[in-house]
$ cat my_file33.cif   # mmCIF, C-alpha atoms
data_run
loop_
_atom_site.label_atom_id
_atom_site.label_comp_id
_atom_site.auth_asym_id
_atom_site.auth_seq_id
_atom_site.Cartn_x
_atom_site.Cartn_y
_atom_site.Cartn_z
CA MET A 1 0.00 0.00 0.00
CA GLU A 2 3.07 2.25 -0.10
CA LEU A 3 2.07 3.45 -3.57
CA ILE A 4 -1.43 4.42 -2.37
CA ASP A 5 -0.06 6.23 0.68
CA ARG A 6 2.36 8.20 -1.47
CA TYR A 7 -0.43 9.10 -3.89
CA LEU A 8 -2.69 10.31 -1.05
CA LYS A 9 0.16 12.29 0.46
CA THR A 10 0.74 13.92 -2.91
CA VAL A 11 -2.92 14.87 -3.36
CA GLY A 12 -2.99 16.13 0.25
CA GLY A 13 -0.02 18.34 -0.48
CA TYR A 14 -2.11 20.37 -2.92
CA LEU A 15 -5.13 20.75 -0.65
CA PRO A 16 -5.89 23.61 1.75
CA THR A 17 -4.84 22.65 5.29
CA ALA A 18 -8.34 23.07 6.75
CA GLN A 19 -9.89 20.41 4.50
CA ARG A 20 -6.88 18.19 3.90
CA ASP A 21 -7.32 15.46 6.54
CA ASP A 22 -11.04 15.00 5.90
CA ILE A 23 -10.68 14.78 2.11
CA ILE A 24 -7.71 12.43 2.27
CA LYS A 25 -9.51 10.18 4.78
CA GLU A 26 -12.49 9.90 2.43
CA LEU A 27 -10.42 9.47 -0.73
CA SER A 28 -8.33 6.84 1.02
CA GLU A 29 -11.45 4.90 2.04
CA ASN A 30 -12.84 4.97 -1.49
CA ILE A 31 -9.57 3.83 -3.10
CA ARG A 32 -9.08 1.07 -0.53
CA SER A 33 -12.70 -0.08 -0.98
CA GLU A 34 -12.09 -0.38 -4.71
CA ILE A 35 -8.88 -2.33 -4.13
CA GLU A 36 -10.64 -4.70 -1.69
CA ASP A 37 -13.44 -5.15 -4.17
CA LYS A 38 -11.02 -6.05 -6.96
CA GLU A 39 -9.06 -8.38 -4.66
CA ALA A 40 -12.27 -10.18 -3.66
CA GLU A 41 -13.16 -10.54 -7.34
CA LEU A 42 -9.72 -11.91 -8.28
CA GLY A 43 -9.24 -13.91 -5.07
CA ARG A 44 -5.69 -12.54 -4.59
CA PRO A 45 -3.94 -9.32 -3.57
CA LEU A 46 -3.50 -6.76 -6.33
CA THR A 47 -0.11 -6.39 -7.93
CA GLU A 48 1.65 -3.05 -7.91
CA ALA A 49 0.78 -2.58 -11.59
CA GLU A 50 -2.92 -3.14 -10.82
CA GLN A 51 -2.81 -0.66 -7.93
CA GLU A 52 -1.07 1.78 -10.23
CA ALA A 53 -3.88 1.38 -12.79
CA ILE A 54 -6.45 2.33 -10.12
CA LEU A 55 -4.46 5.42 -9.17
CA LYS A 56 -4.06 6.49 -12.79
CA LYS A 57 -7.80 6.13 -13.22
CA THR A 58 -8.37 8.28 -10.13
CA GLY A 59 -6.35 11.01 -11.82
CA HIS A 60 -3.26 13.17 -11.67
CA PRO A 61 -2.82 14.36 -8.04
CA LEU A 62 -2.68 17.99 -9.08
CA LEU A 63 -5.92 17.79 -11.08
CA VAL A 64 -7.75 15.75 -8.44
CA ALA A 65 -6.77 18.21 -5.70
CA GLY A 66 -7.77 21.12 -7.95
CA ARG A 67 -11.29 19.68 -8.30
CA TYR A 68 -11.61 19.46 -4.51
CA ARG A 69 -10.85 23.13 -3.97
CA GLN A 70 -13.98 24.94 -2.79
CA ASP A 71 -13.18 28.28 -4.41
CA GLN A 72 -12.52 26.83 -7.90
CA ARG A 73 -11.08 30.18 -8.96
CA SER A 74 -9.09 30.03 -12.16
CA LEU A 75 -8.03 32.12 -15.14
CA ALA A 76 -9.82 30.89 -18.23
CA LEU A 77 -9.92 32.56 -21.62
CA GLY A 78 -11.28 30.02 -24.08
CA ARG A 79 -9.50 27.36 -22.06
CA GLN A 80 -8.13 27.21 -18.53
CA TRP A 81 -4.73 28.92 -18.38
CA ILE A 82 -4.21 29.01 -14.61
CA GLY A 83 -5.94 26.34 -12.54
CA PRO A 84 -7.40 26.49 -9.02
CA VAL A 85 -4.28 25.02 -7.37
CA ILE A 86 -1.82 27.77 -8.32
CA PHE A 87 -4.42 30.53 -8.73
CA PRO A 88 -4.08 31.90 -5.14
CA PHE A 89 -0.32 32.36 -5.69
CA TYR A 90 -0.93 33.99 -9.08
CA ILE A 91 -3.28 36.54 -7.49
CA LYS A 92 -0.76 37.21 -4.73
CA VAL A 93 2.03 38.03 -7.20
CA LEU A 94 -0.25 40.05 -9.51
CA THR A 95 -1.64 42.09 -6.60
CA PHE A 96 1.85 42.77 -5.24
CA ASN A 97 3.20 43.97 -8.61
CA LEU A 98 0.10 46.01 -9.42
CA GLY A 99 0.17 47.51 -5.92
CA ILE A 100 3.69 48.86 -6.47
CA SER A 101 3.05 50.28 -9.94
CA PHE A 102 -0.38 51.74 -9.02
CA THR A 103 1.10 53.44 -5.93
CA VAL A 104 3.72 55.20 -8.08
CA VAL A 105 1.15 56.28 -10.70
CA THR A 106 -1.28 57.47 -7.99
CA MET A 107 1.45 59.49 -6.31
CA VAL A 108 2.23 61.33 -9.55
CA PHE A 109 -1.39 62.11 -10.39
CA VAL A 110 -2.25 63.23 -6.85
CA ALA A 111 0.69 65.63 -6.89
CA LEU A 112 -0.37 67.02 -10.28
CA PHE A 113 -3.95 67.41 -9.09
CA VAL A 114 -3.06 69.04 -5.77
CA SER A 115 -0.80 71.54 -7.51
CA GLY A 116 -3.69 72.60 -9.73
CA GLN A 117 -2.64 70.87 -12.96
CA ALA A 118 -5.25 69.67 -15.40
CA VAL A 119 -5.62 65.91 -14.87
CA THR A 120 -8.04 64.43 -17.35
CA PHE A 121 -9.90 61.18 -16.86
CA SER A 122 -8.37 59.77 -20.04
CA ASP A 123 -4.82 60.46 -18.74
CA VAL A 124 -5.55 58.61 -15.50
CA ALA A 125 -7.39 55.76 -17.24
CA PHE A 126 -4.60 55.36 -19.79
CA ALA A 127 -1.82 55.29 -17.18
CA TYR A 128 -3.61 52.71 -14.99
CA SER A 129 -4.66 50.59 -17.98
CA LEU A 130 -1.10 50.51 -19.27
CA GLN A 131 0.21 49.25 -15.92
CA LEU A 132 -2.62 46.74 -15.68
CA ILE A 133 -2.06 45.36 -19.18
CA ILE A 134 1.72 45.08 -18.77
CA GLN A 135 1.56 43.36 -15.35
CA PHE A 136 -1.37 41.14 -16.29
CA ALA A 137 0.28 39.98 -19.52
CA ILE A 138 3.68 39.21 -17.98
CA VAL A 139 2.50 37.62 -14.70
CA SER A 140 -0.31 35.63 -16.38
CA GLY A 141 2.06 34.44 -19.11
CA ILE A 142 4.63 33.16 -16.63
CA PHE A 143 2.03 31.45 -14.40
CA ALA A 144 0.36 29.89 -17.46
CA LEU A 145 3.73 28.33 -18.31
CA VAL A 146 4.04 27.01 -14.73
CA GLU A 147 0.51 25.56 -14.96
CA LYS A 148 1.25 23.98 -18.34
CA ASN A 149 4.39 22.41 -16.96
CA LEU A 150 2.64 21.07 -13.86
CA THR A 151 -0.29 19.57 -15.73
CA LYS A 152 1.64 18.51 -18.81
CA TYR A 153 0.44 15.20 -20.13
CA PRO A 154 -2.15 14.54 -17.36
CA ASP A 155 -2.60 10.93 -18.48
CA LYS A 156 1.07 10.15 -18.84
CA TRP A 157 2.19 10.43 -15.25
CA ASP A 158 3.72 7.45 -13.52
CA PRO A 159 2.79 6.86 -9.84
CA ARG A 160 5.87 4.65 -9.42
CA LYS A 161 8.34 7.36 -10.32
CA PRO A 162 9.31 9.17 -7.14
CA ASN A 163 10.19 12.40 -9.00
CA GLN A 164 6.58 12.68 -10.13
CA LEU A 165 5.37 12.35 -6.58
CA LYS A 166 7.43 15.11 -5.07
CA TYR A 167 4.71 17.71 -5.48
CA PRO A 168 3.73 17.81 -1.77
CA GLU A 169 6.87 19.84 -1.27
CA PHE A 170 5.07 22.68 -3.05
CA PHE A 171 2.55 22.98 -0.27
CA GLU A 172 4.19 21.11 2.60
CA ALA A 173 2.47 23.51 4.95
CA SER A 174 3.31 21.70 8.17
CA ALA A 175 6.97 21.38 7.27
CA ALA A 176 7.07 25.03 6.20
CA LYS A 177 5.33 26.04 9.42
CA ASN A 178 7.99 24.29 11.46
CA GLY A 179 10.64 26.02 9.36
CA GLN A 180 11.95 22.74 7.95
CA ARG A 181 11.60 23.64 4.30
CA VAL A 182 10.73 26.47 1.97
CA PRO A 183 7.46 25.73 0.08
CA LYS A 184 8.30 25.40 -3.61
CA LEU A 185 5.40 27.51 -4.73
CA GLU A 186 6.63 30.33 -2.50
CA SER A 187 9.97 30.12 -4.32
CA ILE A 188 8.25 30.10 -7.73
CA SER A 189 6.05 33.08 -6.77
CA GLN A 190 9.04 35.01 -5.43
CA PHE A 191 11.06 34.27 -8.57
CA ILE A 192 8.26 35.38 -10.89
CA ALA A 193 7.46 38.54 -8.90
CA SER A 194 11.16 39.49 -8.81
CA ALA A 195 11.64 38.77 -12.54
CA VAL A 196 8.63 40.91 -13.50
CA PHE A 197 9.76 43.72 -11.19
CA LEU A 198 13.29 43.53 -12.64
CA VAL A 199 11.98 43.82 -16.22
CA TRP A 200 9.69 46.70 -15.20
CA LEU A 201 12.57 48.50 -13.41
CA LYS A 202 14.88 48.14 -16.42
CA ALA A 203 12.16 49.36 -18.78
CA ALA A 204 11.21 52.25 -16.47
CA GLN A 205 14.85 53.36 -16.32
CA LYS A 206 14.83 53.89 -20.09
CA SER A 207 11.23 55.01 -20.43
CA PRO A 208 9.97 57.37 -17.67
CA PHE A 209 6.53 57.07 -19.29
CA LEU A 210 6.11 53.72 -17.51
CA ILE A 211 6.34 55.53 -14.16
CA PHE A 212 4.92 58.96 -14.84
CA GLY A 213 2.46 58.20 -17.61
CA PRO A 214 1.51 61.35 -19.54
CA ALA A 215 3.31 63.39 -16.84
CA ALA A 216 6.62 62.07 -18.24
CA ALA A 217 6.67 65.19 -20.42
CA ILE A 218 6.96 67.23 -17.22
CA PHE A 219 8.94 65.08 -14.77
CA ARG A 220 12.09 62.97 -14.80
CA LEU A 221 13.69 60.79 -12.13
CA ALA A 222 16.50 62.57 -10.30
CA PRO A 223 20.07 61.27 -10.88
CA VAL A 224 20.08 59.58 -7.45
CA TRP A 225 17.78 56.85 -8.81
CA HIS A 226 20.35 55.97 -11.47
CA GLN A 227 22.97 55.73 -8.75
CA VAL A 228 20.91 53.25 -6.73
CA PHE A 229 19.81 51.32 -9.82
CA LEU A 230 22.64 48.76 -9.62
CA PRO A 231 22.24 48.02 -5.87
CA SER A 232 18.47 47.70 -6.44
CA MET A 233 19.10 45.20 -9.24
CA LEU A 234 21.47 43.35 -6.90
CA ILE A 235 18.76 43.07 -4.21
CA ILE A 236 16.26 41.69 -6.72
CA LEU A 237 18.80 39.31 -8.28
CA LEU A 238 19.79 38.10 -4.79
CA GLY A 239 16.13 37.27 -4.12
CA MET A 240 15.84 35.50 -7.48
CA VAL A 241 18.97 33.41 -6.91
CA GLN A 242 17.75 32.46 -3.42
CA ALA A 243 14.31 31.50 -4.80
CA ALA A 244 15.90 29.44 -7.61
CA VAL A 245 18.20 27.61 -5.19
CA ASN A 246 15.36 26.98 -2.70
CA LEU A 247 13.26 25.65 -5.55
CA LEU A 248 15.86 22.92 -6.05
CA ARG A 249 16.77 22.61 -2.35
CA PRO A 250 13.68 23.45 -0.25
CA ASP A 251 15.46 22.17 2.86
CA TRP A 252 18.03 25.01 2.72
CA VAL A 253 15.86 27.20 4.95
CA ARG A 254 18.85 29.08 6.37
CA LEU A 255 19.71 30.29 2.87
CA ARG A 256 16.37 32.10 2.73
CA SER A 257 16.94 33.68 6.14
CA ALA A 258 20.51 34.70 5.20
CA ALA A 259 19.35 36.12 1.83
CA ARG A 260 16.62 38.12 3.59
CA VAL A 261 19.11 39.54 6.08
CA GLY A 262 21.57 40.38 3.28
CA GLY A 263 18.86 41.86 1.05
CA GLY A 264 17.41 43.81 3.98
CA ALA A 265 20.81 45.28 4.87
CA ILE A 266 21.44 46.43 1.27
CA THR A 267 17.89 47.82 1.06
CA LEU A 268 18.48 49.81 4.24
CA MET A 269 21.65 51.29 2.75
CA VAL A 270 19.81 52.16 -0.47
CA VAL A 271 16.99 53.83 1.48
CA TYR A 272 19.53 55.79 3.56
CA PHE A 273 21.33 56.94 0.41
CA LEU A 274 18.02 57.98 -1.15
CA VAL A 275 16.84 59.88 1.92
CA LYS A 276 20.09 61.86 1.92
CA ALA A 277 19.49 62.95 -1.70
CA ARG A 278 16.49 65.18 -0.78
CA GLU A 279 15.41 65.39 -4.43
CA TRP A 280 13.94 62.42 -6.26
CA VAL A 281 11.90 63.90 -9.06
CA VAL A 282 13.07 66.78 -11.24
CA LEU A 283 11.52 68.75 -14.05
CA ALA A 284 12.07 67.23 -17.48
CA ASN A 285 12.86 70.59 -18.97
CA PRO A 286 14.10 72.85 -16.16
CA GLY A 287 15.42 75.52 -18.52
CA GLY A 288 12.19 75.64 -20.48
CA SER A 289 9.17 77.81 -19.91
CA VAL A 290 7.61 75.70 -17.17
CA GLY A 291 5.16 77.40 -14.93
CA HIS A 292 5.25 77.79 -11.19
CA ASP A 293 2.54 75.14 -10.88
CA TYR A 294 4.83 72.39 -12.22
CA ARG A 295 7.50 73.30 -9.67
CA HIS A 296 4.84 73.14 -6.97
CA ALA A 297 3.73 69.70 -8.22
CA MET A 298 7.36 68.55 -8.19
CA GLU A 299 7.74 69.71 -4.58
CA ILE A 300 4.62 67.77 -3.58
CA VAL A 301 5.88 64.61 -5.29
CA ASN A 302 9.26 64.98 -3.57
CA GLN A 303 7.63 65.58 -0.20
CA THR A 304 5.47 62.45 -0.66
CA ILE A 305 8.52 60.42 -1.66
CA LEU A 306 10.37 61.61 1.46
CA TYR A 307 7.57 60.37 3.73
CA SER A 308 7.37 57.11 1.74
CA LEU A 309 11.12 56.57 2.07
CA LEU A 310 11.07 57.25 5.82
CA SER A 311 8.18 54.81 6.24
CA ALA A 312 9.98 52.27 4.06
CA GLY A 313 13.10 52.71 6.20
CA VAL A 314 11.17 51.93 9.40
CA ILE A 315 9.55 48.86 7.80
CA VAL A 316 12.91 47.60 6.48
CA ILE A 317 14.51 48.00 9.94
CA VAL A 318 11.67 46.07 11.62
CA LEU A 319 11.83 43.28 9.00
CA LEU A 320 15.61 43.16 9.18
CA LEU A 321 15.55 42.81 12.97
CA ARG A 322 12.93 40.06 12.65
CA ASP A 323 15.01 38.18 10.05
CA VAL A 324 18.22 38.53 12.09
CA TRP A 325 16.36 37.25 15.16
CA ARG A 326 15.00 34.27 13.19
CA LEU A 327 18.42 33.46 11.78
CA VAL A 328 20.05 33.61 15.22
CA ARG A 329 17.26 31.50 16.74
CA ALA A 330 17.57 28.91 13.94
CA GLU A 331 21.34 28.74 14.43
CA HIS A 332 20.88 28.41 18.17
CA GLY A 333 18.35 25.60 17.69
CA ARG A 334 20.69 23.82 15.28
CA VAL A 335 23.62 23.95 17.73
CA GLU A 336 21.36 22.71 20.55
CA SER A 337 20.00 19.80 18.48
CA ARG A 338 23.55 18.79 17.56
CA ALA A 339 24.54 18.85 21.23
CA MET B 1 -15.82 16.20 -44.79
CA THR B 2 -14.17 14.39 -41.87
CA LEU B 3 -15.64 14.24 -38.41
CA ASP B 4 -13.36 15.82 -35.81
CA GLY B 5 -12.82 13.17 -33.08
CA ASN B 6 -11.74 15.72 -30.48
CA LEU B 7 -14.76 17.87 -31.16
CA PHE B 8 -17.06 14.89 -30.73
CA GLU B 9 -15.33 13.95 -27.47
CA ASN B 10 -15.67 17.51 -26.14
CA LEU B 11 -19.36 17.71 -27.06
CA ARG B 12 -20.00 14.25 -25.64
CA LEU B 13 -18.36 15.22 -22.32
CA GLU B 14 -20.35 18.45 -22.24
CA LEU B 15 -23.57 16.53 -22.80
CA ARG B 16 -22.72 14.01 -20.08
CA ARG B 17 -21.59 16.69 -17.63
CA GLY B 18 -25.04 18.21 -17.70
CA SER B 19 -26.73 14.97 -16.75
CA LEU B 20 -24.11 13.89 -14.21
CA VAL B 21 -25.54 15.90 -11.30
CA LEU B 22 -28.99 14.57 -12.09
CA ALA B 23 -27.73 10.98 -12.08
CA VAL B 24 -25.87 11.46 -8.77
CA LEU B 25 -28.83 13.12 -7.05
CA THR B 26 -31.18 10.40 -8.30
CA GLN B 27 -28.90 7.64 -7.07
CA LEU B 28 -28.55 9.30 -3.67
CA ARG B 29 -32.24 9.02 -2.86
CA GLY B 30 -30.82 6.07 -0.93
CA GLU B 31 -27.71 6.43 1.26
CA GLN B 32 -24.36 5.46 -0.32
CA TYR B 33 -20.65 6.17 0.06
CA GLY B 34 -18.36 7.32 -2.74
CA TYR B 35 -17.12 4.02 -4.10
CA THR B 36 -20.47 2.18 -4.07
CA LEU B 37 -22.13 5.18 -5.68
CA ARG B 38 -19.56 5.17 -8.47
CA LYS B 39 -20.11 1.42 -8.95
CA SER B 40 -23.90 1.71 -9.05
CA LEU B 41 -23.71 4.58 -11.55
CA ALA B 42 -21.34 2.53 -13.72
CA GLU B 43 -23.72 -0.43 -13.60
CA HIS B 44 -26.36 1.86 -15.07
CA GLY B 45 -23.99 2.91 -17.86
CA MET B 46 -22.96 6.19 -16.22
CA GLU B 47 -19.18 5.78 -15.85
CA ILE B 48 -17.60 8.61 -13.84
CA ASP B 49 -13.94 9.12 -12.93
CA GLU B 50 -13.16 8.94 -9.23
CA GLY B 51 -11.37 12.27 -9.51
CA THR B 52 -14.59 13.85 -10.77
CA LEU B 53 -17.23 12.13 -8.66
CA TYR B 54 -15.71 12.47 -5.18
CA PRO B 55 -15.11 16.24 -5.40
CA LEU B 56 -18.60 16.61 -6.94
CA LEU B 57 -20.17 14.99 -3.86
CA ARG B 58 -18.48 17.52 -1.61
CA ARG B 59 -19.56 20.39 -3.82
CA LEU B 60 -23.19 19.21 -3.76
CA GLU B 61 -22.96 18.93 0.02
CA THR B 62 -21.60 22.47 0.28
CA GLN B 63 -24.52 23.61 -1.88
CA GLY B 64 -26.87 22.01 0.65
CA LEU B 65 -28.21 19.34 -1.70
CA LEU B 66 -26.58 16.42 0.15
CA VAL B 67 -25.93 15.55 3.76
CA SER B 68 -23.20 13.20 4.90
CA GLU B 69 -22.01 11.35 7.98
CA TRP B 70 -19.02 9.21 8.89
CA ARG B 71 -20.12 5.75 9.97
CA GLU B 72 -18.46 2.41 10.53
CA GLU B 73 -19.30 -0.34 8.04
CA GLU B 74 -17.41 -3.63 7.76
CA LYS B 75 -15.00 -2.42 10.46
CA ARG B 76 -14.10 0.65 8.36
CA ASN B 77 -15.14 4.26 8.70
CA LYS B 78 -16.89 5.51 5.58
CA ARG B 79 -18.54 8.76 4.64
CA PHE B 80 -22.16 8.15 3.62
CA TYR B 81 -24.09 10.65 1.52
CA LYS B 82 -27.81 11.07 0.95
CA LEU B 83 -30.17 13.72 -0.40
CA SER B 84 -31.06 16.57 1.94
CA ASN B 85 -34.58 18.03 1.97
CA ASP B 86 -33.39 20.79 -0.35
CA GLY B 87 -31.78 18.13 -2.51
CA LYS B 88 -35.07 16.24 -2.80
CA LEU B 89 -36.82 19.41 -3.92
CA MET B 90 -34.04 20.22 -6.38
CA LEU B 91 -34.13 16.68 -7.80
CA LYS B 92 -37.87 16.97 -8.36
CA GLN B 93 -37.42 20.23 -10.28
CA LEU B 94 -34.47 18.94 -12.28
CA LEU B 95 -36.29 15.74 -13.23
CA ALA B 96 -39.26 17.77 -14.46
CA GLU B 97 -36.85 19.87 -16.53
CA TRP B 98 -35.12 16.76 -17.84
CA LYS B 99 -38.46 15.25 -18.93
CA SER B 100 -39.40 18.49 -20.62
CA ILE B 101 -36.09 18.58 -22.54
CA ASP B 102 -36.48 14.90 -23.45
CA ALA B 103 -40.03 15.48 -24.76
CA SER B 104 -38.93 18.53 -26.75
CA LEU B 105 -35.97 16.73 -28.28
CA ASN B 106 -38.14 13.74 -29.23
CA GLY B 107 -40.60 16.14 -30.84
CA ILE B 108 -37.79 17.80 -32.81
CA LEU B 109 -36.39 14.40 -33.90
CA LYS B 110 -39.77 13.25 -35.14
CA GLY B 111 -39.92 16.43 -37.18
#
$ encode --input "my_file33.cif" --output "C-alpha cells"
Amino acid sequence: MELIDRYLKTVGGYLPTAQRDDIIKELSENIRSEIEDKEAELGRPLTEAEQEAILKKTGHPLLVAGRYRQDQRSLALGRQWIGPVIFPFYIKVLTFNLGISFTVVTMVFVALFVSGQAVTFSDVAFAYSLQLIIQFAIVSGIFALVEKNLTKYPDKWDPRKPNQLKYPEFFEASAAKNGQRVPKLESISQFIASAVFLVWLKAAQKSPFLIFGPAAAIFRLAPVWHQVFLPSMLIILLGMVQAAVNLLRPDWVRLRSAARVGGGAITLMVVYFLVKAREWVVLANPGGSVGHDYRHAMEIVNQTILYSLLSAGVIVIVLLLRDVWRLVRAEHGRVESRA
Amino acid sequence: MTLDGNLFENLRLELRRGSLVLAVLTQLRGEQYGYTLRKSLAEHGMEIDEGTLYPLLRRLETQGLLVSEWREEEKRNKRFYKLSNDGKLMLKQLLAEWKSIDASLNGILKG
C-alpha cells in the first residue's frame, strides 16, 4: 500500500490545510474499498501494476486536488490557463506587482492634481490601464507556463516514479510552518514577482513614461535613482537566486533567512542613500518655460517620496531585525539539536 | 468532410456533464458512500472518474443538496451521503426539466 499512501500524500499536499485530513480520509477509504473489491473478485492481492492502474484512473494528483478546492477560482480565456491550485499564488504576485506600480502612478497624479494641474480622466485611465495590461500579460504568461508544466500530459504520469510524486513539497504547509523547508510555490512566486519587477525596473529606467504616464513630459527621475539602480538590481537578483536555489533545495531554509538579512541590509543602505538625496523627481525641462505650478507639483511629489522613504526605512529595519532574530534563533536551535 | 474526433469527445463530455448531477442526485435518494455510488452509476452505464465524482459529492454537500455522515461499516469508517430536503426538492425540479427537454428533443427528432 506504499504506492497508495504516497499518492494520497501527494494529493494532500495540494489541498488547503483546513480540508486536507477530511478529504484524504475519504479518498483513502474509497480507493481502498475499490482495491478490496477487486481483490475479492480476483481472489488474490492486487499487484503493484494493478494498484497503479487504479491510481491512474483516479487522476493526476494535481488535477484531483484542484477539483476538490472549494473556491474553484481560475483564469480561463477560451481554455483554462491558470488552474485552481496555483491561482491563489498567481493573485498574490499580480496584486503585489500592481500595488507597487499603481502606488507610483497614484502618487504622480495626486501631486499634479493638488498643484492645480489639469488631470483628465483619459490620462488617468490610460496610465492605470497601461500598468494593468503590462503586469497582467507578464504575470499571467509566466504562471500559465508554470501551470502547463505542472499539468503537462495529465494521463502520462507514472505513480511509481518518485520524481513525479514530489509535489507535496510545493505545499508542505506543516513542514514550512515548522521552518523545515521552503514551500516550492513560494519560491516560484518570489522568482516570478522578482523577474517581472526587474523587467519593469529596467524598462522604467529607459522610459519614464512607464512611471509617470503622460506626466513624463513634465517630470524625470532625479540622478540619485540611477545611482541606486545597480544596488536595487542586486537586491532583486539576490532574491531570485535564493528563490531558484530553494526551488531545487527546499530544505536550505537558512539560505532564505541569510538572503533576507543580506537583502534587507542592502535595502536599508539604499533607502539611507536615497533619503540623503532630498530630491527624487526633477523637471524634465528645467530651462524651459515651465510654470510655477509644475514646480509646486514637483515639490509635492518629492515631499510624498520623502515620507514614503522614511516609512519604508522603518519597515525595512523592523523586517531586518525580525530576520536577524529568526536566523540567530535557527542557528541556536541547530547547535542545541547537535549537542 | 471528416468528423473531428476531439470535437465529438468535447461535445460528448459536455452533454454528459449536464446529466451527471442529475444521475448522482437520483442515485442518492438512498444512502451510499463514494465508491459504491460510483459502482452503481457505472452499472447503469454512467461511468464517472473517481477524480470527478468524489469532489462533486463535496460540492453538492456544500450547496446544501446532500448531507453526509461518517459511519463504521465492515470495520471501516466511511462517509455516507444522501439527499437533503433541499436536494429532494431540487431533484424533483431537475427531473421535471429533464423530462421536458427529453419530450422537446423527441418532438424535434420526429420532425
$ closest_residue --input "my_file33.cif" --among "B:Ser19, B:Ser84, B:Thr36, B:Thr26" --to "B:Ser68" --atoms "all atoms listed in the file"
B:Ser84
$ residues_near_point --input "my_file33.cif" --point "(-5.9, 13.8, -5.9)" --cutoff "7 Å" --atoms "only C-alpha atoms" --output "list in words"
Leu8, Val11, Gly59, His60, Pro61, Leu62, Leu63, Val64 and Ala65 of chain A; Gly51 of chain B
$ resolve_selection --input "my_file33.cif" --expression "the PyMOL selection byres ((chain A) within 10 of (chain B))" --output "MDAnalysis selection string"
chainID A and resid 22:23 25:34 37 54:61 63:70
$ residues_around --input "my_file33.cif" --residues "stretch 237-252 of chain A" --least-positions-apart "5" --cutoff "9 Å" --atoms "all atoms listed in the file" --output "number ranges by chain"
A: 169, 179-192, 194-195, 198, 232, 259-260, 262-263
$ resolve_selection --input "my_file33.cif" --expression "the PyMOL selection byres ((chain A and resi 101) around 9)" --output "ChimeraX atom specification"
/A:96-100,102-106,128,131-132,135,210-211
$ atom_distance --input "my_file33.cif" --atom1 "atom CA of A:Gly83" --atom2 "atom CA of A:Glu147"
6.9 Å
$ closest_residue --input "my_file33.cif" --among "B:Leu83, B:Ala103, B:Leu94, B:Ala42" --to "B:Gly30" --atoms "only C-alpha atoms"
B:Leu83
$ atom_distance --input "my_file33.cif" --atom1 "atom CA of A:Val108" --atom2 "atom CA of A:Arg220"
11.3 Å
$ atom_distance --input "my_file33.cif" --atom1 "atom CA of B:Leu109" --atom2 "atom CA of B:Met46"
23.7 Å
$ residues_around --input "my_file33.cif" --residues "A:Arg278" --least-positions-apart "3" --cutoff "9 Å" --atoms "only C-alpha atoms" --output "list of chain:residue names"
A:Leu274, A:Val275, A:Asn302, A:Gln303, A:Leu306
$ closest_residue --input "my_file33.cif" --among "B:Leu65, B:Leu37, B:Leu60, B:Leu15" --to "B:Leu91" --atoms "all atoms listed in the file"
B:Leu65
$ residues_around --input "my_file33.cif" --residues "A:Leu145" --least-positions-apart "2" --cutoff "12 Å" --atoms "all atoms listed in the file" --output "ChimeraX atom specification"
/A:80-83,86,90,138-143,147-152,188,192
$ residues_around --input "my_file33.cif" --residues "A:Met298" --least-positions-apart "6" --cutoff "10 Å" --atoms "all atoms listed in the file" --output "PDB file with C-alpha atoms, in the coordinates of the input"
ATOM      1  CA  VAL A 108       2.230  61.330  -9.550  1.00  0.00           C
ATOM      2  CA  ALA A 111       0.690  65.630  -6.890  1.00  0.00           C
ATOM      3  CA  LEU A 112      -0.370  67.020 -10.280  1.00  0.00           C
ATOM      4  CA  SER A 115      -0.800  71.540  -7.510  1.00  0.00           C
ATOM      5  CA  ILE A 218       6.960  67.230 -17.220  1.00  0.00           C
ATOM      6  CA  PHE A 219       8.940  65.080 -14.770  1.00  0.00           C
ATOM      7  CA  ARG A 220      12.090  62.970 -14.800  1.00  0.00           C
ATOM      8  CA  GLU A 279      15.410  65.390  -4.430  1.00  0.00           C
ATOM      9  CA  TRP A 280      13.940  62.420  -6.260  1.00  0.00           C
ATOM     10  CA  VAL A 281      11.900  63.900  -9.060  1.00  0.00           C
ATOM     11  CA  VAL A 282      13.070  66.780 -11.240  1.00  0.00           C
ATOM     12  CA  LEU A 283      11.520  68.750 -14.050  1.00  0.00           C
ATOM     13  CA  HIS A 292       5.250  77.790 -11.190  1.00  0.00           C
ATOM     14  CA  THR A 304       5.470  62.450  -0.660  1.00  0.00           C
TER      15      THR A 304
END
$ closest_residue --input "my_file33.cif" --among "A:Ile266, A:Ala203, A:Ala258, A:Leu46" --to "A:Ile235" --atoms "all atoms listed in the file"
A:Ile266
$ decode --input "my_file33.cif" --residues "stretch 22-38 of chain B" --atoms "C-alpha atoms" --output "compact mmCIF listing (two decimals), in the first residue's frame"
# COMPACT_ATOMS: atom_id res chain seq x y z
CA LEU B 22 -28.99 14.57 -12.09
CA ALA B 23 -27.73 10.98 -12.08
CA VAL B 24 -25.87 11.46 -8.77
CA LEU B 25 -28.83 13.12 -7.05
CA THR B 26 -31.18 10.40 -8.30
CA GLN B 27 -28.90 7.64 -7.07
CA LEU B 28 -28.55 9.30 -3.67
CA ARG B 29 -32.24 9.02 -2.86
CA GLY B 30 -30.82 6.07 -0.93
CA GLU B 31 -27.71 6.43 1.26
CA GLN B 32 -24.36 5.46 -0.32
CA TYR B 33 -20.65 6.17 0.06
CA GLY B 34 -18.36 7.32 -2.74
CA TYR B 35 -17.12 4.02 -4.10
CA THR B 36 -20.47 2.18 -4.07
CA LEU B 37 -22.13 5.18 -5.68
CA ARG B 38 -19.56 5.17 -8.47
